[in-house]
Structure formats: structure tokens, C-alpha cells
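Q: One file is attached below, protein_32.pdb, containing PDB, C-alpha atoms, pLDDT in the B column.
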ATOM      1  CA  MET N 106       4.868  33.189  -2.862  1.00 47.00           C
ATOM      2  CA  THR N 107       6.301  30.849  -5.497  1.00 56.00           C
ATOM      3  CA  THR N 108       3.897  30.086  -8.323  1.00 59.00           C
ATOM      4  CA  PRO N 109       3.219  26.321  -8.459  1.00 61.00           C
ATOM      5  CA  PRO N 110       4.320  24.613 -11.671  1.00 63.00           C
ATOM      6  CA  LYS N 111       1.452  24.037 -14.076  1.00 78.00           C
ATOM      7  CA  LEU N 112       1.098  20.339 -14.616  1.00 84.00           C
ATOM      8  CA  SER N 113       0.615  18.682 -17.972  1.00 86.00           C
ATOM      9  CA  THR N 114      -1.323  15.427 -17.731  1.00 88.00           C
ATOM     10  CA  SER N 115       0.532  14.065 -20.748  1.00 90.00           C
ATOM     11  CA  ALA N 116       3.820  14.873 -19.022  1.00 92.00           C
ATOM     12  CA  VAL N 117       2.814  12.699 -16.070  1.00 93.00           C
ATOM     13  CA  PHE N 118       2.412   9.657 -18.287  1.00 93.00           C
ATOM     14  CA  ALA N 119       5.649  10.496 -20.088  1.00 94.00           C
ATOM     15  CA  GLU N 120       7.351  10.666 -16.688  1.00 94.00           C
ATOM     16  CA  MET N 121       5.879   7.294 -15.753  1.00 94.00           C
ATOM     17  CA  ARG N 122       7.164   5.814 -19.011  1.00 94.00           C
ATOM     18  CA  ASP N 123      10.649   7.322 -18.703  1.00 94.00           C
ATOM     19  CA  ARG N 124      11.170   6.419 -15.044  1.00 93.00           C
ATOM     20  CA  THR N 125       9.907   2.889 -15.706  1.00 93.00           C
ATOM     21  CA  ARG N 126      12.403   2.451 -18.547  1.00 93.00           C
ATOM     22  CA  GLU N 127      15.268   3.824 -16.490  1.00 92.00           C
ATOM     23  CA  ASN N 128      14.542   1.557 -13.520  1.00 93.00           C
ATOM     24  CA  ARG N 129      13.086  -1.402 -15.392  1.00 92.00           C
ATOM     25  CA  LYS N 130      15.323  -4.090 -13.904  1.00 93.00           C
ATOM     26  CA  VAL N 131      14.835  -3.245 -10.231  1.00 94.00           C
ATOM     27  CA  LEU N 132      11.166  -2.386 -10.748  1.00 95.00           C
ATOM     28  CA  ILE N 133      10.500  -5.829 -12.193  1.00 95.00           C
ATOM     29  CA  GLN N 134      12.402  -7.458  -9.338  1.00 95.00           C
ATOM     30  CA  VAL N 135      10.532  -5.635  -6.582  1.00 96.00           C
ATOM     31  CA  THR N 136       7.164  -6.123  -8.293  1.00 96.00           C
ATOM     32  CA  LEU N 137       7.656  -9.867  -8.743  1.00 96.00           C
ATOM     33  CA  LEU N 138       8.832 -10.204  -5.134  1.00 95.00           C
ATOM     34  CA  PHE N 139       5.752  -8.473  -3.773  1.00 94.00           C
ATOM     35  CA  ALA N 140       3.496 -10.312  -6.211  1.00 94.00           C
ATOM     36  CA  VAL N 141       4.712 -13.626  -4.796  1.00 94.00           C
ATOM     37  CA  LEU N 142       4.356 -12.404  -1.207  1.00 93.00           C
ATOM     38  CA  THR N 143       0.849 -11.015  -1.662  1.00 91.00           C
ATOM     39  CA  SER N 144      -0.231 -14.144  -3.500  1.00 89.00           C
ATOM     40  CA  ALA N 145       0.968 -16.255  -0.588  1.00 87.00           C
ATOM     41  CA  VAL N 146      -0.741 -13.993   1.934  1.00 87.00           C
ATOM     42  CA  VAL N 147      -4.102 -14.106   0.159  1.00 80.00           C
ATOM     43  CA  VAL N 148      -4.283 -17.858   0.801  1.00 77.00           C
ATOM     44  CA  LEU N 149      -4.800 -16.998   4.479  1.00 78.00           C
ATOM     45  CA  GLU N 150      -8.195 -15.547   3.566  1.00 72.00           C
ATOM     46  CA  LEU N 151      -9.409 -19.092   3.057  1.00 67.00           C
ATOM     47  CA  GLY N 152      -8.777 -19.809   6.750  1.00 67.00           C
ATOM     48  CA  GLY N 153     -11.873 -18.164   8.160  1.00 72.00           C
ATOM     49  CA  THR N 154     -12.283 -14.887  10.029  1.00 77.00           C
ATOM     50  CA  ALA N 155      -8.917 -15.028  11.779  1.00 76.00           C
ATOM     51  CA  GLY N 156      -7.145 -15.873   8.548  1.00 76.00           C
ATOM     52  CA  PHE N 157      -8.879 -13.011   6.780  1.00 77.00           C
ATOM     53  CA  ALA N 158      -7.831 -10.551   9.501  1.00 82.00           C
ATOM     54  CA  VAL N 159      -4.190 -11.666   9.318  1.00 82.00           C
ATOM     55  CA  SER N 160      -4.268 -11.553   5.524  1.00 83.00           C
ATOM     56  CA  LEU N 161      -5.717  -8.030   5.557  1.00 84.00           C
ATOM     57  CA  GLY N 162      -3.057  -6.768   7.959  1.00 86.00           C
ATOM     58  CA  LEU N 163      -0.217  -8.306   5.972  1.00 89.00           C
ATOM     59  CA  SER N 164      -1.659  -7.006   2.700  1.00 89.00           C
ATOM     60  CA  ILE N 165      -1.706  -3.450   4.071  1.00 90.00           C
ATOM     61  CA  LEU N 166       1.877  -3.852   5.274  1.00 93.00           C
ATOM     62  CA  LEU N 167       3.081  -5.239   1.935  1.00 93.00           C
ATOM     63  CA  GLY N 168       1.172  -2.615  -0.043  1.00 93.00           C
ATOM     64  CA  ALA N 169       2.689   0.210   1.997  1.00 94.00           C
ATOM     65  CA  ALA N 170       6.181  -1.249   1.633  1.00 95.00           C
ATOM     66  CA  TYR N 171       5.770  -1.709  -2.128  1.00 96.00           C
ATOM     67  CA  ARG N 172       4.493   1.818  -2.736  1.00 96.00           C
ATOM     68  CA  GLY N 173       7.268   3.189  -0.564  1.00 95.00           C
ATOM     69  CA  MET N 174       9.982   1.279  -2.401  1.00 96.00           C
ATOM     70  CA  VAL N 175       8.664   2.280  -5.814  1.00 96.00           C
ATOM     71  CA  SER N 176       8.437   5.896  -4.651  1.00 96.00           C
ATOM     72  CA  ALA N 177      12.065   5.738  -3.555  1.00 95.00           C
ATOM     73  CA  LEU N 178      13.067   4.166  -6.882  1.00 95.00           C
ATOM     74  CA  ILE N 179      11.252   6.814  -8.940  1.00 94.00           C
ATOM     75  CA  CYS N 180      11.732   9.938  -6.826  1.00 94.00           C
ATOM     76  CA  LEU N 181      15.087   9.678  -5.046  1.00 91.00           C
ATOM     77  CA  PRO N 182      18.482  10.143  -6.708  1.00 86.00           C
ATOM     78  CA  GLY N 183      19.889   6.766  -7.696  1.00 74.00           C
ATOM     79  CA  PRO N 184      20.985   4.579  -9.006  1.00 83.00           C
ATOM     80  CA  PHE N 185      19.389   1.738  -7.060  1.00 89.00           C
ATOM     81  CA  GLU N 186      20.826  -1.565  -8.145  1.00 88.00           C
ATOM     82  CA  SER N 187      18.848  -3.984  -5.986  1.00 90.00           C
ATOM     83  CA  VAL N 188      15.697  -4.507  -3.961  1.00 93.00           C
ATOM     84  CA  SER N 189      17.779  -4.569  -0.776  1.00 93.00           C
ATOM     85  CA  GLN N 190      18.962  -1.012  -1.429  1.00 92.00           C
ATOM     86  CA  LEU N 191      15.372   0.154  -1.718  1.00 92.00           C
ATOM     87  CA  TRP N 192      14.472  -1.701   1.458  1.00 94.00           C
ATOM     88  CA  GLN N 193      17.212   0.105   3.359  1.00 93.00           C
ATOM     89  CA  VAL N 194      15.651   3.415   2.337  1.00 92.00           C
ATOM     90  CA  VAL N 195      12.071   2.466   3.141  1.00 94.00           C
ATOM     91  CA  ARG N 196      12.572   0.482   6.336  1.00 94.00           C
ATOM     92  CA  PRO N 197      12.984   3.567   8.608  1.00 95.00           C
ATOM     93  CA  VAL N 198       9.716   5.064   7.350  1.00 95.00           C
ATOM     94  CA  LEU N 199       7.703   1.847   6.960  1.00 95.00           C
ATOM     95  CA  ALA N 200       5.578   2.382  10.074  1.00 95.00           C
ATOM     96  CA  ARG N 201       4.679   5.859   8.828  1.00 95.00           C
ATOM     97  CA  LEU N 202       3.755   4.455   5.431  1.00 96.00           C
ATOM     98  CA  VAL N 203       1.488   1.852   7.014  1.00 95.00           C
ATOM     99  CA  TRP N 204      -0.311   4.480   9.101  1.00 95.00           C
ATOM    100  CA  ALA N 205      -0.584   6.770   6.090  1.00 95.00           C
ATOM    101  CA  SER N 206      -2.041   3.917   4.020  1.00 93.00           C
ATOM    102  CA  LEU N 207      -4.590   3.162   6.728  1.00 93.00           C
ATOM    103  CA  LEU N 208      -5.630   6.819   6.951  1.00 93.00           C
ATOM    104  CA  LEU N 209      -5.902   7.031   3.163  1.00 91.00           C
ATOM    105  CA  VAL N 210      -8.193   4.013   3.040  1.00 89.00           C
ATOM    106  CA  LEU N 211     -10.253   5.270   5.977  1.00 90.00           C
ATOM    107  CA  GLY N 212     -10.581   8.789   4.602  1.00 88.00           C
ATOM    108  CA  VAL N 213     -11.482   7.738   1.080  1.00 86.00           C
ATOM    109  CA  GLY N 214     -13.841   5.050   2.401  1.00 84.00           C
ATOM    110  CA  LEU N 215     -15.707   7.591   4.499  1.00 86.00           C
ATOM    111  CA  GLY N 216     -15.749   9.876   1.471  1.00 80.00           C
ATOM    112  CA  VAL N 217     -17.431   7.180  -0.591  1.00 78.00           C
ATOM    113  CA  ILE N 218     -20.058   6.758   2.108  1.00 81.00           C
ATOM    114  CA  ALA N 219     -20.590  10.525   1.982  1.00 74.00           C
ATOM    115  CA  LEU N 220     -21.839  10.363  -1.619  1.00 73.00           C
ATOM    116  CA  VAL N 221     -18.540   9.810  -3.493  1.00 77.00           C
ATOM    117  CA  VAL N 222     -17.589  13.446  -4.220  1.00 84.00           C
ATOM    118  CA  PRO N 223     -15.583  13.868  -0.971  1.00 84.00           C
ATOM    119  CA  ALA N 224     -13.710  10.662  -1.843  1.00 86.00           C
ATOM    120  CA  LEU N 225     -12.700  12.089  -5.222  1.00 89.00           C
ATOM    121  CA  ILE N 226     -11.497  15.290  -3.567  1.00 90.00           C
ATOM    122  CA  LEU N 227      -9.427  13.338  -1.031  1.00 91.00           C
ATOM    123  CA  LEU N 228      -7.975  11.078  -3.735  1.00 92.00           C
ATOM    124  CA  THR N 229      -6.838  14.239  -5.496  1.00 93.00           C
ATOM    125  CA  ILE N 230      -5.375  16.258  -2.634  1.00 94.00           C
ATOM    126  CA  TRP N 231      -3.794  13.195  -0.990  1.00 94.00           C
ATOM    127  CA  SER N 232      -2.437  11.731  -4.227  1.00 94.00           C
ATOM    128  CA  VAL N 233       1.256  12.218  -3.339  1.00 95.00           C
ATOM    129  CA  VAL N 234       1.225  11.509   0.409  1.00 96.00           C
ATOM    130  CA  ILE N 235       3.342   8.348   0.116  1.00 96.00           C
ATOM    131  CA  PRO N 236       6.054   9.796  -2.182  1.00 96.00           C
ATOM    132  CA  ALA N 237       6.248  12.904   0.017  1.00 96.00           C
ATOM    133  CA  ILE N 238       6.824  10.856   3.176  1.00 96.00           C
ATOM    134  CA  VAL N 239       9.504   8.720   1.516  1.00 96.00           C
ATOM    135  CA  THR N 240      11.305  11.484  -0.358  1.00 95.00           C
ATOM    136  CA  GLU N 241      11.188  14.215   2.279  1.00 95.00           C
ATOM    137  CA  ASP N 242      11.301  11.962   5.380  1.00 93.00           C
ATOM    138  CA  LEU N 243       8.068  13.483   6.702  1.00 95.00           C
ATOM    139  CA  SER N 244       5.844  12.383   9.537  1.00 95.00           C
ATOM    140  CA  VAL N 245       2.452  10.864   8.732  1.00 95.00           C
ATOM    141  CA  PHE N 246       0.634  14.153   9.252  1.00 95.00           C
ATOM    142  CA  GLY N 247       3.479  16.002   7.584  1.00 95.00           C
ATOM    143  CA  GLY N 248       2.823  13.946   4.468  1.00 95.00           C
ATOM    144  CA  PHE N 249      -0.898  14.687   4.621  1.00 95.00           C
ATOM    145  CA  GLY N 250      -0.077  18.373   4.906  1.00 95.00           C
ATOM    146  CA  ARG N 251       2.550  18.390   2.186  1.00 95.00           C
ATOM    147  CA  SER N 252       0.439  16.632  -0.457  1.00 95.00           C
ATOM    148  CA  PRO N 253      -2.347  19.275  -0.656  1.00 95.00           C
ATOM    149  CA  THR N 254       0.321  21.966  -0.754  1.00 94.00           C
ATOM    150  CA  LEU N 255       1.917  20.368  -3.796  1.00 94.00           C
ATOM    151  CA  VAL N 256      -1.413  19.740  -5.516  1.00 94.00           C
ATOM    152  CA  ARG N 257      -2.668  23.292  -4.950  1.00 92.00           C
ATOM    153  CA  GLY N 258      -2.965  25.152  -8.261  1.00 89.00           C
ATOM    154  CA  ASN N 259      -3.133  21.895 -10.233  1.00 91.00           C
ATOM    155  CA  GLY N 260      -6.201  20.316  -8.691  1.00 90.00           C
ATOM    156  CA  TRP N 261      -8.128  19.632 -11.886  1.00 93.00           C
ATOM    157  CA  ARG N 262      -5.041  18.290 -13.646  1.00 93.00           C
ATOM    158  CA  VAL N 263      -4.170  15.992 -10.759  1.00 94.00           C
ATOM    159  CA  PHE N 264      -7.804  14.880 -10.598  1.00 94.00           C
ATOM    160  CA  ALA N 265      -7.665  14.025 -14.309  1.00 94.00           C
ATOM    161  CA  VAL N 266      -4.494  11.987 -13.822  1.00 94.00           C
ATOM    162  CA  VAL N 267      -5.974  10.137 -10.833  1.00 94.00           C
ATOM    163  CA  MET N 268      -9.121   9.318 -12.800  1.00 94.00           C
ATOM    164  CA  LEU N 269      -7.140   8.115 -15.833  1.00 94.00           C
ATOM    165  CA  LEU N 270      -4.969   5.916 -13.620  1.00 94.00           C
ATOM    166  CA  GLY N 271      -8.077   4.528 -11.970  1.00 93.00           C
ATOM    167  CA  LEU N 272      -9.664   3.847 -15.352  1.00 95.00           C
ATOM    168  CA  ALA N 273      -6.536   2.063 -16.571  1.00 94.00           C
ATOM    169  CA  ALA N 274      -6.407  -0.039 -13.417  1.00 94.00           C
ATOM    170  CA  GLY N 275     -10.099  -0.871 -13.777  1.00 94.00           C
ATOM    171  CA  VAL N 276      -9.674  -2.039 -17.360  1.00 96.00           C
ATOM    172  CA  VAL N 277      -6.682  -4.202 -16.429  1.00 96.00           C
ATOM    173  CA  LEU N 278      -8.601  -5.627 -13.460  1.00 95.00           C
ATOM    174  CA  LEU N 279     -11.489  -6.597 -15.729  1.00 96.00           C
ATOM    175  CA  VAL N 280      -9.111  -8.337 -18.136  1.00 95.00           C
ATOM    176  CA  ILE N 281      -7.474 -10.227 -15.255  1.00 94.00           C
ATOM    177  CA  TYR N 282     -10.865 -11.254 -13.894  1.00 93.00           C
ATOM    178  CA  ARG N 283     -11.992 -12.602 -17.251  1.00 93.00           C
ATOM    179  CA  ALA N 284      -8.695 -14.418 -17.772  1.00 92.00           C
ATOM    180  CA  THR N 285      -8.768 -16.126 -14.365  1.00 91.00           C
ATOM    181  CA  PHE N 286     -12.528 -16.762 -14.148  1.00 90.00           C
ATOM    182  CA  PRO N 287     -12.227 -20.321 -15.515  1.00 89.00           C
ATOM    183  CA  LEU N 288      -9.871 -21.155 -12.609  1.00 87.00           C
ATOM    184  CA  GLY N 289     -12.644 -20.594 -10.081  1.00 81.00           C
ATOM    185  CA  THR N 290     -12.404 -19.053  -6.614  1.00 75.00           C
ATOM    186  CA  GLU N 291     -10.524 -21.833  -4.863  1.00 79.00           C
ATOM    187  CA  ILE N 292      -6.824 -21.637  -4.004  1.00 82.00           C
ATOM    188  CA  LEU N 293      -5.465 -21.814  -7.566  1.00 85.00           C
ATOM    189  CA  GLY N 294      -7.810 -19.195  -8.980  1.00 86.00           C
ATOM    190  CA  THR N 295      -7.327 -16.874  -5.991  1.00 86.00           C
ATOM    191  CA  VAL N 296      -3.534 -17.073  -6.091  1.00 89.00           C
ATOM    192  CA  VAL N 297      -3.275 -16.561  -9.848  1.00 92.00           C
ATOM    193  CA  PHE N 298      -5.716 -13.643  -9.715  1.00 92.00           C
ATOM    194  CA  GLN N 299      -3.810 -11.925  -6.891  1.00 91.00           C
ATOM    195  CA  PHE N 300      -0.446 -12.518  -8.563  1.00 94.00           C
ATOM    196  CA  LEU N 301      -1.600 -10.872 -11.794  1.00 94.00           C
ATOM    197  CA  VAL N 302      -3.175  -7.975  -9.890  1.00 94.00           C
ATOM    198  CA  ALA N 303       0.103  -7.393  -8.061  1.00 94.00           C
ATOM    199  CA  CYS N 304       2.137  -7.583 -11.274  1.00 94.00           C
ATOM    200  CA  LEU N 305      -0.070  -5.336 -13.403  1.00 95.00           C
ATOM    201  CA  ILE N 306      -2.091  -3.036 -11.136  1.00 95.00           C
ATOM    202  CA  PHE N 307       0.241  -2.396  -8.202  1.00 94.00           C
ATOM    203  CA  PRO N 308       2.784  -0.662 -10.474  1.00 95.00           C
ATOM    204  CA  ILE N 309       0.106   1.685 -11.818  1.00 94.00           C
ATOM    205  CA  ALA N 310      -0.908   2.626  -8.271  1.00 93.00           C
ATOM    206  CA  ALA N 311       2.697   3.217  -7.209  1.00 95.00           C
ATOM    207  CA  ILE N 312       4.407   4.730 -10.265  1.00 96.00           C
ATOM    208  CA  GLY N 313       1.592   7.185 -11.007  1.00 95.00           C
ATOM    209  CA  PRO N 314       1.775   9.103  -7.700  1.00 95.00           C
ATOM    210  CA  ALA N 315       5.582   9.010  -7.776  1.00 96.00           C
ATOM    211  CA  ALA N 316       5.619  10.563 -11.261  1.00 95.00           C
ATOM    212  CA  LEU N 317       3.093  13.153 -10.094  1.00 95.00           C
ATOM    213  CA  TYR N 318       5.310  14.012  -7.141  1.00 95.00           C
ATOM    214  CA  ASN N 319       8.338  14.464  -9.385  1.00 94.00           C
ATOM    215  CA  LEU N 320       6.537  16.939 -11.619  1.00 94.00           C
ATOM    216  CA  LEU N 321       4.791  18.787  -8.803  1.00 93.00           C
ATOM    217  CA  THR N 322       8.141  19.415  -7.131  1.00 90.00           C
ATOM    218  CA  THR N 323       9.824  20.568 -10.350  1.00 82.00           C
ATOM    219  CA  GLU N 324      10.909  24.209 -10.460  1.00 63.00           C
ATOM    220  CA  PRO N 325       8.274  26.287 -12.289  1.00 55.00           C
ATOM    221  CA  GLU N 326      10.605  27.323 -15.089  1.00 51.00           C
ATOM    222  CA  ASP N 327      11.415  23.673 -15.831  1.00 46.00           C
ATOM    223  CA  SER N 328       7.922  22.246 -15.551  1.00 45.00           C
ATOM    224  CA  PRO N 329       5.698  21.204 -18.484  1.00 49.00           C
ATOM    225  CA  LEU N 330       3.214  24.040 -19.105  1.00 43.00           C
ATOM    226  CA  GLU N 331      -0.406  23.974 -20.095  1.00 50.00           C
ATOM    227  CA  ASP N 332      -2.741  26.749 -21.079  1.00 45.00           C
ATOM    228  CA  PRO N 333      -2.686  29.158 -18.073  1.00 43.00           C
ATOM    229  CA  SER N 334      -6.324  30.036 -18.689  1.00 44.00           C
ATOM    230  CA  GLN N 335      -7.386  26.588 -17.426  1.00 44.00           C
ATOM    231  CA  GLU N 336      -9.160  26.760 -14.112  1.00 43.00           C
ATOM    232  CA  SER N 337      -7.391  25.137 -11.182  1.00 43.00           C
ATOM    233  CA  LEU N 338      -8.529  24.016  -7.760  1.00 47.00           C
TER     234      LEU N 338
END
As C-alpha cells, please, write out the structure in this file.

A:
Amino acid sequence: MTTPPKLSTSAVFAEMRDRTRENRKVLIQVTLLFAVLTSAVVVLELGGTAGFAVSLGLSILLGAAYRGMVSALICLPGPFESVSQLWQVVRPVLARLVWASLLLVLGVGLGVIALVVPALILLTIWSVVIPAIVTEDLSVFGGFGRSPTLVRGNGWRVFAVVMLLGLAAGVVLLVIYRATFPLGTEILGTVVFQFLVACLIFPIAAIGPAALYNLLTTEPEDSPLEDPSQESL
């Protein structure tokens, strides 16, 4: 059995930085596009129960498409010169990404209800489901099987990365909330808040798992090493 590469948490953030620099132009384009779309969709929430349901469905669809396109940009051989090129890659697997996103939310949500710890475990072992589906053209359940396989042997390191990404997103969210609080919760405040969330937090949630996937699929002899005495899940 091949020994899994030992992950360095610092290498994950270096990978995020490097891949972001390399793909800066297209990443900005796709992020701004989805920021505008999600900001427009969130207005539907002000239309009552039906509007909220439609907004929720469209938000899940847009979130799955965005994470898929960023995964393709970061993980697949390029170069990608436009958003349309990324869309051509993601479109055939979009339905799978939507179902995977729904199962992720459901699983983690149930884990939170079950006293949080199961949610943290699922966030860790399912951290690269989306990049795996996009990069390896897997089925939904194939992605959920592949992700734990990749994480195995690096569980604590992946957990640390997931927690650090979550902390970073939480800090940014707090800053956005404070900055937009004076605008209130009517249309203007809601749209500006959602636009900033999409511009600043969505990339963290998409680039992080993609960078993790890249390093977890690196050949052992090429992967960043940490102290082998560290305990792994």
C-alpha cells in the first residue's frame, strides 16, 4: 500500500497563495460574477416564504457551481483564460456538485445536532469532496468515498487546516457585518453584505479545499513533510 503524503499545514496556505497568484485574473472574474449573481438572488428572500425557498435553491446551485469552477481552476491543468472555459468543464458535473453540496450541508448539520464533534469529523474527512468530483470526474458517492481515502493519514493536519480556514472566514464575516451594519437589513444592506461575503469568504471556502486536494494527491516523495512522529487520524 502506498504511504500517504504527510501534509504540512503551512504548505496548504502556500499552495493557496501560489495558485491564487497564478490564476488571479480568472479567479477575480469568476468571483465577481458569482458575487453579483448571489447578491441579486438574496433579494428574493425579501419576498416571503416562496421567495426564500427560491433564493435558497438558487444559492445552493450558485455555490456548487462556484466551488466547482474554482476547483477546476486550481486543480486541473490549465491554462484557463476565461470564465466560459471553466463553465465548460463544470457544466457536465454540476448536478453532481449540487447533490454533493446538499449532502455536505445535511451531514454536517446533523453532526452539529449530534453535539458538534461528528460535524467536525465530517468536515475533515469530506473536505475535498468537491475537488475530487471535478478533477477525477467521480459520481457523488464516488467523491464521498474518495475524500476520506485522501485524508487518511493526515486527519489531524487536515482538521487543523479546516479550522484555520473557518477561523479566517469567521473573522472576515465579523468585519463585513460591522462594516455593513449601518446600512440596515433592508435591500441595500442585504445586497452589500451578500456581495462582500461572496467576494471575500467564498474564495476561502473554495480555494482552501482545492489546495488541500492538490497536496493530498501529490506523490509522497514530492510532498511537503512534517515530523513523522505526529499522530494522524

Q: Given the file shown, determine the residues that the PyMOL selection byres ((chain N and resi 297) around 12) selects; report them as number ranges by chain.

A: N: 140-141, 143-145, 147-148, 281-282, 284-296, 298-304

Q: May I have the selected residues written with C-alpha atoms, as a PDB file, in the coordinates of the input?

A:
ATOM      1  CA  ALA N 140       3.496 -10.312  -6.211  1.00 94.00           C
ATOM      2  CA  VAL N 141       4.712 -13.626  -4.796  1.00 94.00           C
ATOM      3  CA  THR N 143       0.849 -11.015  -1.662  1.00 91.00           C
ATOM      4  CA  SER N 144      -0.231 -14.144  -3.500  1.00 89.00           C
ATOM      5  CA  ALA N 145       0.968 -16.255  -0.588  1.00 87.00           C
ATOM      6  CA  VAL N 147      -4.102 -14.106   0.159  1.00 80.00           C
ATOM      7  CA  VAL N 148      -4.283 -17.858   0.801  1.00 77.00           C
ATOM      8  CA  ILE N 281      -7.474 -10.227 -15.255  1.00 94.00           C
ATOM      9  CA  TYR N 282     -10.865 -11.254 -13.894  1.00 93.00           C
ATOM     10  CA  ALA N 284      -8.695 -14.418 -17.772  1.00 92.00           C
ATOM     11  CA  THR N 285      -8.768 -16.126 -14.365  1.00 91.00           C
ATOM     12  CA  PHE N 286     -12.528 -16.762 -14.148  1.00 90.00           C
ATOM     13  CA  PRO N 287     -12.227 -20.321 -15.515  1.00 89.00           C
ATOM     14  CA  LEU N 288      -9.871 -21.155 -12.609  1.00 87.00           C
ATOM     15  CA  GLY N 289     -12.644 -20.594 -10.081  1.00 81.00           C
ATOM     16  CA  THR N 290     -12.404 -19.053  -6.614  1.00 75.00           C
ATOM     17  CA  GLU N 291     -10.524 -21.833  -4.863  1.00 79.00           C
ATOM     18  CA  ILE N 292      -6.824 -21.637  -4.004  1.00 82.00           C
ATOM     19  CA  LEU N 293      -5.465 -21.814  -7.566  1.00 85.00           C
ATOM     20  CA  GLY N 294      -7.810 -19.195  -8.980  1.00 86.00           C
ATOM     21  CA  THR N 295      -7.327 -16.874  -5.991  1.00 86.00           C
ATOM     22  CA  VAL N 296      -3.534 -17.073  -6.091  1.00 89.00           C
ATOM     23  CA  PHE N 298      -5.716 -13.643  -9.715  1.00 92.00           C
ATOM     24  CA  GLN N 299      -3.810 -11.925  -6.891  1.00 91.00           C
ATOM     25  CA  PHE N 300      -0.446 -12.518  -8.563  1.00 94.00           C
ATOM     26  CA  LEU N 301      -1.600 -10.872 -11.794  1.00 94.00           C
ATOM     27  CA  VAL N 302      -3.175  -7.975  -9.890  1.00 94.00           C
ATOM     28  CA  ALA N 303       0.103  -7.393  -8.061  1.00 94.00           C
ATOM     29  CA  CYS N 304       2.137  -7.583 -11.274  1.00 94.00           C
TER      30      CYS N 304
END

Q: List the spatial neighbours of region 193-196 of chain N as JSON, numbers by chain - criterion: any atom at most 12 Å away, only C-alpha atoms, same-chain residues fewer than 4 positions off excluded.

A: {"N": [166, 167, 169, 170, 171, 172, 173, 174, 175, 176, 177, 178, 180, 181, 182, 183, 185, 187, 188, 189, 200, 201, 202, 203, 235, 236, 238, 239, 240, 241, 242]}

Q: Write a file of the selected residues as a compact mmCIF listing (two decimals), in the coordinates of the input, keeping C-alpha atoms.

A:
# COMPACT_ATOMS: atom_id res chain seq x y z
CA LEU N 166 1.88 -3.85 5.27
CA LEU N 167 3.08 -5.24 1.94
CA ALA N 169 2.69 0.21 2.00
CA ALA N 170 6.18 -1.25 1.63
CA TYR N 171 5.77 -1.71 -2.13
CA ARG N 172 4.49 1.82 -2.74
CA GLY N 173 7.27 3.19 -0.56
CA MET N 174 9.98 1.28 -2.40
CA VAL N 175 8.66 2.28 -5.81
CA SER N 176 8.44 5.90 -4.65
CA ALA N 177 12.06 5.74 -3.56
CA LEU N 178 13.07 4.17 -6.88
CA CYS N 180 11.73 9.94 -6.83
CA LEU N 181 15.09 9.68 -5.05
CA PRO N 182 18.48 10.14 -6.71
CA GLY N 183 19.89 6.77 -7.70
CA PHE N 185 19.39 1.74 -7.06
CA SER N 187 18.85 -3.98 -5.99
CA VAL N 188 15.70 -4.51 -3.96
CA SER N 189 17.78 -4.57 -0.78
CA ALA N 200 5.58 2.38 10.07
CA ARG N 201 4.68 5.86 8.83
CA LEU N 202 3.76 4.46 5.43
CA VAL N 203 1.49 1.85 7.01
CA ILE N 235 3.34 8.35 0.12
CA PRO N 236 6.05 9.80 -2.18
CA ILE N 238 6.82 10.86 3.18
CA VAL N 239 9.50 8.72 1.52
CA THR N 240 11.30 11.48 -0.36
CA GLU N 241 11.19 14.22 2.28
CA ASP N 242 11.30 11.96 5.38

Q: Can you turn the PyMOL selection byres ((chain N and resi 225-233) around 9) into a concrete residue list for this file, as a PyMOL selection string?

A: chain N and resi 209+212-213+216-217+221-224+234-238+248-257+260-261+263-268+314-315+317-318

Q: Rounded to one decimal, what separation in Å do you get between CA of Val117 (chain N) and CA of Leu320 (chain N)?

A: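 About the pair CA of Val117 (chain N) and CA of Leu320 (chain N): they are 7.2 Å apart.
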
Q: Using only C-alpha atoms for the distances, tell me which of N:Val135, N:Leu207, N:Ile306, N:Phe157 is nearest to Gln190 (chain N).

A: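 Going through N:Val135, N:Leu207, N:Ile306, N:Phe157 one by one, the smallest distance to Gln190 (chain N) is for N:Val135.
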
Q: What box, with edges along x, y and z, holds each listed atom of region 118-123 of chain N when 4 Å is added on every side, and can you state its centre and edge lengths in Å to one decimal, as lines of an AutoDock Vina configuration file?

A:
center_x = 6.5
center_y = 8.2
center_z = -17.9
size_x = 16.2
size_y = 12.9
size_z = 12.3

Q: Check the smallest atom-to-atom distance from each of N:Trp204, N:Phe246, N:Phe118, N:Trp192 to Gly313 (chain N) using only C-alpha atoms, then report the winner.

A: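 The closest residue to Gly313 (chain N) is N:Phe118.
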
Q: Using all atoms listed in the file, can you tell me which of N:Ala205, N:Ile179, N:Val131, N:Val159 comes closest to Ser244 (chain N)?

A: N:Ala205

Q: Which is closer to Gly258 (chain N) than all the others in N:Gly168, N:Ser206, N:Lys111, N:Ala310, using all atoms listed in the file?

A: N:Lys111

Q: Quick one: pull the distance between CA of Thr125 (chain N) and CA of Pro308 (chain N), Å, one decimal.

A: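 Interatomic distance here is 9.5 Å.
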
Q: Hey, can you check how far CA of Val280 (chain N) sits from CA of Leu132 (chain N)?

A: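 Separation between CA of Val280 (chain N) and CA of Leu132 (chain N): 22.4 Å.
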
Q: Which one of N:Leu211, N:Val245, N:Leu142, N:Leu321 sits closest to Leu199 (chain N) if you count all atoms listed in the file?

A: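 Comparing N:Leu211, N:Val245, N:Leu142, N:Leu321 against Leu199 (chain N), the winner is N:Val245.
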
Q: Select, from N:Thr136, N:Asn128, N:Thr322, N:Ser115, the residue with the minimum atom-to-atom distance to Ile309 (chain N), counting all atoms listed in the file.

A: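 Answer, going by the shortest atom-to-atom distance: N:Thr136.
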
Q: Hey, could you patch up region 272-278 of chain N with N, CA and C atoms and hand it over as a PDB file, keeping the file's coordinate frame?

A:
ATOM      1  N   LEU N 272      -9.032   4.479 -14.195  1.00 95.00           N
ATOM      2  CA  LEU N 272      -9.664   3.847 -15.352  1.00 95.00           C
ATOM      3  C   LEU N 272      -8.765   2.755 -15.925  1.00 95.00           C
ATOM      4  N   ALA N 273      -7.477   3.057 -16.050  1.00 94.00           N
ATOM      5  CA  ALA N 273      -6.536   2.063 -16.571  1.00 94.00           C
ATOM      6  C   ALA N 273      -6.491   0.839 -15.672  1.00 94.00           C
ATOM      7  N   ALA N 274      -6.433   1.078 -14.358  1.00 94.00           N
ATOM      8  CA  ALA N 274      -6.407  -0.039 -13.417  1.00 94.00           C
ATOM      9  C   ALA N 274      -7.695  -0.848 -13.498  1.00 94.00           C
ATOM     10  N   GLY N 275      -8.821  -0.170 -13.672  1.00 94.00           N
ATOM     11  CA  GLY N 275     -10.099  -0.871 -13.777  1.00 94.00           C
ATOM     12  C   GLY N 275     -10.172  -1.751 -15.010  1.00 94.00           C
ATOM     13  N   VAL N 276      -9.669  -1.251 -16.127  1.00 96.00           N
ATOM     14  CA  VAL N 276      -9.674  -2.039 -17.360  1.00 96.00           C
ATOM     15  C   VAL N 276      -8.780  -3.273 -17.202  1.00 96.00           C
ATOM     16  N   VAL N 277      -7.594  -3.073 -16.638  1.00 96.00           N
ATOM     17  CA  VAL N 277      -6.682  -4.202 -16.429  1.00 96.00           C
ATOM     18  C   VAL N 277      -7.304  -5.220 -15.474  1.00 96.00           C
ATOM     19  N   LEU N 278      -7.963  -4.724 -14.421  1.00 95.00           N
ATOM     20  CA  LEU N 278      -8.601  -5.627 -13.460  1.00 95.00           C
ATOM     21  C   LEU N 278      -9.682  -6.470 -14.135  1.00 95.00           C
TER      22      LEU N 278
END
